[in-house]
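Following: one structure in structure tokens, then a few remarks.
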Amino acid sequence: MIAPKEQSEVRVRARPARALEVDAPEGFILVRRTAYGAEQTTVETVRVPIFHTAPARVRVQGGVTKNLGNYESARVDVMIELPCYPEASEIERTYAYASDLLDRLVPEQVEKATNGV
């Protein structure tokens, strides 16, 4: 007796758009990181939105100095600057997004700089 062929059904569901998705061309950014005198360079792909008016800029910066013991310390600074439309709601939304991103990136960079010390 021959077993019947299995049939599978594929259903595709449309996902709702996320708040920060933008239909924008891709660009490239050169990122340089220096830790303990060693420089690391990477090229990252970013989406570059096109603004139809002069954009406002929101800048958020934060840093941490961590004591490593034996009179040594490591300093990590992260600065994020994002363009946005010059409207109060867009500025507030961009600031909230950049602040959340900064809260995630600073501890990651401290971990990298100190190798978990």
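Scheme for the structure tokens: letters A, B, ... for chains in order shown; per-chain residue numbers from 1; ligand numbers from 1 in order shown.
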Segment 78-91 of chain A environment, 6 Å, only C-alpha atoms, sequence neighbours closer than 5 positions dropped, as a ChimeraX atom specification: /A:55-62
Which of these residues is nearest to Val76 of chain A, using only C-alpha atoms: A:Thr34, A:Gln40, A:Gln109, A:Thr114? A:Gln109
Do you have the atom CA of Lys66 of chain A-atom CA of Ile29 of chain A distance handy?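 According to the coordinates, atom CA of Lys66 of chain A and atom CA of Ile29 of chain A are separated by 28.5 Å.
Here atom CA of Leu68 of chain A and atom CA of Ala38 of chain A stand 18.4 Å from one another.
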In Å and to one decimal, atom CA of Glu72 of chain A is distant from atom CA of Tyr36 of chain A by 11.7 Å
